[in-house]
Each structure stands twice: as C-alpha cells, then as structure tokens.
file model27.pdb (PDB, C-alpha atoms)
ATOM      1  CA  MET A1147      -4.008  16.036  -7.697  1.00  0.00           C
ATOM      2  CA  ASP A1148      -4.503  18.026 -10.825  1.00  0.00           C
ATOM      3  CA  MET A1149      -8.139  17.562 -11.775  1.00  0.00           C
ATOM      4  CA  ASP A1150      -7.337  18.977 -15.233  1.00  0.00           C
ATOM      5  CA  ASP A1151      -5.048  15.989 -15.864  1.00  0.00           C
ATOM      6  CA  PRO A1152      -6.979  13.035 -17.324  1.00  0.00           C
ATOM      7  CA  GLN A1153      -4.649  10.567 -15.555  1.00  0.00           C
ATOM      8  CA  ASP A1154      -5.394  12.092 -12.140  1.00  0.00           C
ATOM      9  CA  VAL A1155      -9.123  12.260 -12.876  1.00  0.00           C
ATOM     10  CA  GLY A1156      -9.109   8.570 -13.838  1.00  0.00           C
ATOM     11  CA  ALA A1157      -7.194   7.619 -10.683  1.00  0.00           C
ATOM     12  CA  ALA A1158      -9.578   9.623  -8.486  1.00  0.00           C
ATOM     13  CA  PHE A1159     -12.619   8.064 -10.202  1.00  0.00           C
ATOM     14  CA  GLY A1160     -11.215   4.541  -9.848  1.00  0.00           C
ATOM     15  CA  ALA A1161     -10.473   5.098  -6.176  1.00  0.00           C
ATOM     16  CA  LEU A1162     -13.974   6.473  -5.625  1.00  0.00           C
ATOM     17  CA  ILE A1163     -15.582   3.444  -7.308  1.00  0.00           C
ATOM     18  CA  LEU A1164     -13.477   1.080  -5.190  1.00  0.00           C
ATOM     19  CA  GLY A1165     -14.269   2.947  -1.965  1.00  0.00           C
ATOM     20  CA  GLY A1166     -10.817   4.458  -1.502  1.00  0.00           C
ATOM     21  CA  ALA A1167      -9.008   7.705  -2.043  1.00  0.00           C
ATOM     22  CA  VAL A1168      -5.817   8.812  -3.738  1.00  0.00           C
ATOM     23  CA  SER A1169      -3.443  10.466  -1.295  1.00  0.00           C
ATOM     24  CA  GLU A1170      -0.018  12.012  -1.528  1.00  0.00           C
ATOM     25  CA  GLU A1171       0.578  11.311   2.177  1.00  0.00           C
ATOM     26  CA  PRO A1172       2.259   8.099   3.352  1.00  0.00           C
ATOM     27  CA  PRO A1173      -0.128   5.453   4.716  1.00  0.00           C
ATOM     28  CA  PRO A1174      -0.591   5.144   8.482  1.00  0.00           C
ATOM     29  CA  PRO A1175       2.098   2.814   9.922  1.00  0.00           C
ATOM     30  CA  ASP A1176      -0.523   0.457  11.377  1.00  0.00           C
ATOM     31  CA  SER A1177      -2.386   0.060   8.053  1.00  0.00           C
ATOM     32  CA  PRO A1178      -1.695  -2.995   5.875  1.00  0.00           C
ATOM     33  CA  LEU A1179       0.147  -0.864   3.305  1.00  0.00           C
ATOM     34  CA  GLY A1180       2.123   0.917   6.024  1.00  0.00           C
ATOM     35  CA  ARG A1181       3.169  -2.420   7.506  1.00  0.00           C
ATOM     36  CA  VAL A1182       4.232  -3.752   4.090  1.00  0.00           C
ATOM     37  CA  ARG A1183       6.244  -0.597   3.396  1.00  0.00           C
ATOM     38  CA  ALA A1184       8.004  -0.931   6.772  1.00  0.00           C
ATOM     39  CA  PHE A1185       8.790  -4.585   6.015  1.00  0.00           C
ATOM     40  CA  VAL A1186      10.263  -3.676   2.609  1.00  0.00           C
ATOM     41  CA  ALA A1187      12.314  -0.859   4.148  1.00  0.00           C
ATOM     42  CA  ARG A1188      13.782  -3.299   6.668  1.00  0.00           C
ATOM     43  CA  TYR A1189      14.235  -6.477   4.593  1.00  0.00           C
ATOM     44  CA  GLY A1190      14.177  -5.273   0.981  1.00  0.00           C
ATOM     45  CA  GLU A1191      11.762  -5.848  -1.894  1.00  0.00           C
ATOM     46  CA  GLU A1192      13.170  -9.275  -2.712  1.00  0.00           C
ATOM     47  CA  ALA A1193      12.036 -10.559   0.710  1.00  0.00           C
ATOM     48  CA  LEU A1194       8.395  -9.589   0.099  1.00  0.00           C
ATOM     49  CA  LYS A1195       6.221 -12.566  -0.844  1.00  0.00           C
ATOM     50  CA  PRO A1196       2.469 -12.896  -1.532  1.00  0.00           C
ATOM     51  CA  GLU A1197       1.968 -14.420   1.918  1.00  0.00           C
ATOM     52  CA  HIS A1198       3.277 -11.188   3.468  1.00  0.00           C
ATOM     53  CA  ILE A1199       0.513  -9.248   1.736  1.00  0.00           C
ATOM     54  CA  GLY A1200      -2.099 -11.663   3.068  1.00  0.00           C
ATOM     55  CA  ALA A1201      -0.626 -11.450   6.560  1.00  0.00           C
ATOM     56  CA  ALA A1202      -0.705  -7.652   6.438  1.00  0.00           C
ATOM     57  CA  GLN A1203      -4.350  -7.654   5.308  1.00  0.00           C
ATOM     58  CA  GLU A1204      -5.284 -10.064   8.113  1.00  0.00           C
ATOM     59  CA  GLY A1205      -3.302  -8.165  10.763  1.00  0.00           C
ATOM     60  CA  ARG A1206      -0.818 -10.993  11.327  1.00  0.00           C
ATOM     61  CA  PRO A1207       2.906 -10.311  11.886  1.00  0.00           C
ATOM     62  CA  LEU A1208       5.112 -10.024   8.808  1.00  0.00           C
ATOM     63  CA  LEU A1209       7.944 -12.478   9.338  1.00  0.00           C
ATOM     64  CA  PRO A1210      11.063 -12.485   7.115  1.00  0.00           C
TER      65      PRO A1210
END
call {"tool": "encode", "arguments": {"input": "model27.pdb", "output": "structure tokens"}}
result
Amino acid sequence: MDMDDPQDVGAAFGALILGGAVSEEPPPPDSPLGRVRAFVARYGEEALKPEHIGAAQEGRPLLP
C-alpha cells in the first residue's frame, strides 16, 4: 500500500474501522473468501449465488 495515495489510506482506514486489514496476499484457502474463490475458479462466476456466500461464512460446503 502506498500511504501517500488517498485511495489506499481510505481503504486502510475503512478496513481498520471494520476490524480487518487490506492485504495483497491471497486469502487462506480455508477462509470464507478463499473457499469462494476456489468455487469460482472451479465452476465459474455465473455459478456463484448468494447462498454460496452464506454457506462459506457458516463453514458449510459450497455445492454447485
């Protein structure tokens, strides 16, 4: 992150307020975001539905 760039500063501040962090690294594969990314890589973006996001957040399997 370039802390001289207002966009990056805003993103870092927003993440801090929400209890997160901005990272350039891919998410861990067992995290909800990592699981969603793996699902999209396998089945494509058009297969991703809102219920998949909920399942990932709850730790349930992501079924096509």
call {"tool": "residues_around", "arguments": {"input": "model27.pdb", "residues": "Arg1183 in chain A", "least_positions_apart": "4", "cutoff": "12 Å", "atoms": "only C-alpha atoms", "output": "list in words"}}
result
Pro1172, Pro1173, Pro1174, Pro1175, Asp1176, Ser1177, Pro1178, Leu1179, Ala1187, Arg1188, Tyr1189, Gly1190, Glu1191, Ala1193, Leu1194, His1198, Ile1199, Ala1202 and Leu1208 of chain A
call {"tool": "atom_distance", "arguments": {"input": "model27.pdb", "atom1": "CA of Met1149 in chain A", "atom2": "CA of Glu1170 in chain A"}}
result
14.2 Å
call {"tool": "axis_aligned_box", "arguments": {"input": "model27.pdb", "around": "range 1164-1167 of chain A", "padding_each_side": "5 Å", "output": "JSON"}}
result
{"center_x": -11.6, "center_y": 4.4, "center_z": -3.3, "size_x": 15.3, "size_y": 16.6, "size_z": 13.7}
call {"tool": "closest_residue", "arguments": {"input": "model27.pdb", "among": "A:Ala1161, A:Val1182, A:Met1147, A:Val1155", "to": "Lys1195 in chain A", "atoms": "all atoms listed in the file"}}
result
A:Val1182
call {"tool": "atom_distance", "arguments": {"input": "model27.pdb", "atom1": "CA of Pro1196 in chain A", "atom2": "CA of Leu1209 in chain A"}}
result
12.2 Å
call {"tool": "closest_residue", "arguments": {"input": "model27.pdb", "among": "A:Leu1162, A:Ala1201, A:Val1168, A:Pro1210", "to": "Phe1185 in chain A", "atoms": "all atoms listed in the file"}}
result
A:Pro1210
call {"tool": "atom_distance", "arguments": {"input": "model27.pdb", "atom1": "CA of Asp1148 in chain A", "atom2": "CA of Ala1167 in chain A"}}
result
14.3 Å
call {"tool": "build_atoms", "arguments": {"input": "model27.pdb", "residues": "range 1155-1190 of chain A", "atoms": "N, CA and C atoms", "output": "mmCIF file, keeping the file's coordinate frame"}}
result
data_model
loop_
_atom_site.group_PDB
_atom_site.id
_atom_site.type_symbol
_atom_site.label_atom_id
_atom_site.label_comp_id
_atom_site.auth_asym_id
_atom_site.auth_seq_id
_atom_site.Cartn_x
_atom_site.Cartn_y
_atom_site.Cartn_z
ATOM 1 N N VAL A 1155 -7.666 12.407 -12.941
ATOM 2 C CA VAL A 1155 -9.123 12.260 -12.876
ATOM 3 C C VAL A 1155 -9.489 10.780 -12.899
ATOM 4 N N GLY A 1156 -8.849 10.008 -13.767
ATOM 5 C CA GLY A 1156 -9.109 8.570 -13.838
ATOM 6 C C GLY A 1156 -8.741 7.864 -12.544
ATOM 7 N N ALA A 1157 -7.616 8.236 -11.951
ATOM 8 C CA ALA A 1157 -7.194 7.619 -10.683
ATOM 9 C C ALA A 1157 -8.184 7.948 -9.575
ATOM 10 N N ALA A 1158 -8.619 9.211 -9.518
ATOM 11 C CA ALA A 1158 -9.578 9.623 -8.486
ATOM 12 C C ALA A 1158 -10.912 8.893 -8.677
ATOM 13 N N PHE A 1159 -11.365 8.767 -9.927
ATOM 14 C CA PHE A 1159 -12.619 8.064 -10.202
ATOM 15 C C PHE A 1159 -12.504 6.586 -9.815
ATOM 16 N N GLY A 1160 -11.413 5.945 -10.197
ATOM 17 C CA GLY A 1160 -11.215 4.541 -9.848
ATOM 18 C C GLY A 1160 -11.195 4.327 -8.343
ATOM 19 N N ALA A 1161 -10.519 5.206 -7.635
ATOM 20 C CA ALA A 1161 -10.473 5.098 -6.176
ATOM 21 C C ALA A 1161 -11.864 5.275 -5.585
ATOM 22 N N LEU A 1162 -12.613 6.225 -6.108
ATOM 23 C CA LEU A 1162 -13.974 6.473 -5.625
ATOM 24 C C LEU A 1162 -14.854 5.241 -5.828
ATOM 25 N N ILE A 1163 -14.777 4.632 -7.004
ATOM 26 C CA ILE A 1163 -15.582 3.444 -7.308
ATOM 27 C C ILE A 1163 -15.218 2.293 -6.375
ATOM 28 N N LEU A 1164 -13.941 2.174 -6.056
ATOM 29 C CA LEU A 1164 -13.477 1.080 -5.190
ATOM 30 C C LEU A 1164 -13.590 1.396 -3.707
ATOM 31 N N GLY A 1165 -14.083 2.586 -3.377
ATOM 32 C CA GLY A 1165 -14.269 2.947 -1.965
ATOM 33 C C GLY A 1165 -13.011 3.458 -1.302
ATOM 34 N N GLY A 1166 -12.074 3.956 -2.061
ATOM 35 C CA GLY A 1166 -10.817 4.458 -1.502
ATOM 36 C C GLY A 1166 -10.598 5.901 -1.867
ATOM 37 N N ALA A 1167 -9.389 6.340 -1.702
ATOM 38 C CA ALA A 1167 -9.008 7.705 -2.043
ATOM 39 C C ALA A 1167 -7.550 7.716 -2.456
ATOM 40 N N VAL A 1168 -7.202 8.630 -3.332
ATOM 41 C CA VAL A 1168 -5.817 8.812 -3.738
ATOM 42 C C VAL A 1168 -5.224 9.855 -2.809
ATOM 43 N N SER A 1169 -4.074 9.546 -2.239
ATOM 44 C CA SER A 1169 -3.443 10.466 -1.295
ATOM 45 C C SER A 1169 -1.969 10.605 -1.614
ATOM 46 N N GLU A 1170 -1.446 11.767 -1.362
ATOM 47 C CA GLU A 1170 -0.018 12.012 -1.528
ATOM 48 C C GLU A 1170 0.729 11.746 -0.218
ATOM 49 N N GLU A 1171 -0.009 11.564 0.866
ATOM 50 C CA GLU A 1171 0.578 11.311 2.177
ATOM 51 C C GLU A 1171 0.940 9.834 2.316
ATOM 52 N N PRO A 1172 1.952 9.520 3.117
ATOM 53 C CA PRO A 1172 2.259 8.099 3.352
ATOM 54 C C PRO A 1172 1.119 7.441 4.142
ATOM 55 N N PRO A 1173 0.945 6.134 3.980
ATOM 56 C CA PRO A 1173 -0.128 5.453 4.716
ATOM 57 C C PRO A 1173 0.186 5.404 6.209
ATOM 58 N N PRO A 1174 -0.844 5.291 7.048
ATOM 59 C CA PRO A 1174 -0.591 5.144 8.482
ATOM 60 C C PRO A 1174 0.264 3.898 8.734
ATOM 61 N N PRO A 1175 1.196 3.954 9.673
ATOM 62 C CA PRO A 1175 2.098 2.814 9.922
ATOM 63 C C PRO A 1175 1.369 1.534 10.331
ATOM 64 N N ASP A 1176 0.193 1.651 10.932
ATOM 65 C CA ASP A 1176 -0.523 0.457 11.377
ATOM 66 C C ASP A 1176 -1.497 -0.075 10.321
ATOM 67 N N SER A 1177 -1.543 0.558 9.140
ATOM 68 C CA SER A 1177 -2.386 0.060 8.053
ATOM 69 C C SER A 1177 -1.654 -1.075 7.339
ATOM 70 N N PRO A 1178 -2.382 -1.923 6.604
ATOM 71 C CA PRO A 1178 -1.695 -2.995 5.875
ATOM 72 C C PRO A 1178 -0.585 -2.472 4.948
ATOM 73 N N LEU A 1179 -0.875 -1.407 4.205
ATOM 74 C CA LEU A 1179 0.147 -0.864 3.305
ATOM 75 C C LEU A 1179 1.319 -0.286 4.089
ATOM 76 N N GLY A 1180 1.049 0.378 5.190
ATOM 77 C CA GLY A 1180 2.123 0.917 6.024
ATOM 78 C C GLY A 1180 3.008 -0.185 6.576
ATOM 79 N N ARG A 1181 2.397 -1.294 6.980
ATOM 80 C CA ARG A 1181 3.169 -2.420 7.506
ATOM 81 C C ARG A 1181 4.024 -3.065 6.415
ATOM 82 N N VAL A 1182 3.468 -3.184 5.203
ATOM 83 C CA VAL A 1182 4.232 -3.752 4.090
ATOM 84 C C VAL A 1182 5.398 -2.836 3.735
ATOM 85 N N ARG A 1183 5.158 -1.538 3.709
ATOM 86 C CA ARG A 1183 6.244 -0.597 3.396
ATOM 87 C C ARG A 1183 7.356 -0.661 4.437
ATOM 88 N N ALA A 1184 6.992 -0.811 5.714
ATOM 89 C CA ALA A 1184 8.004 -0.931 6.772
ATOM 90 C C ALA A 1184 8.798 -2.230 6.605
ATOM 91 N N PHE A 1185 8.118 -3.309 6.247
ATOM 92 C CA PHE A 1185 8.790 -4.585 6.015
ATOM 93 C C PHE A 1185 9.797 -4.451 4.877
ATOM 94 N N VAL A 1186 9.378 -3.844 3.767
ATOM 95 C CA VAL A 1186 10.263 -3.676 2.609
ATOM 96 C C VAL A 1186 11.446 -2.775 2.962
ATOM 97 N N ALA A 1187 11.215 -1.743 3.747
ATOM 98 C CA ALA A 1187 12.314 -0.859 4.148
ATOM 99 C C ALA A 1187 13.337 -1.621 4.992
ATOM 100 N N ARG A 1188 12.869 -2.563 5.788
ATOM 101 C CA ARG A 1188 13.782 -3.299 6.668
ATOM 102 C C ARG A 1188 14.471 -4.472 5.966
ATOM 103 N N TYR A 1189 13.706 -5.238 5.168
ATOM 104 C CA TYR A 1189 14.235 -6.477 4.593
ATOM 105 C C TYR A 1189 14.483 -6.425 3.084
ATOM 106 N N GLY A 1190 13.985 -5.399 2.420
ATOM 107 C CA GLY A 1190 14.177 -5.273 0.981
ATOM 108 C C GLY A 1190 13.017 -5.875 0.192
#
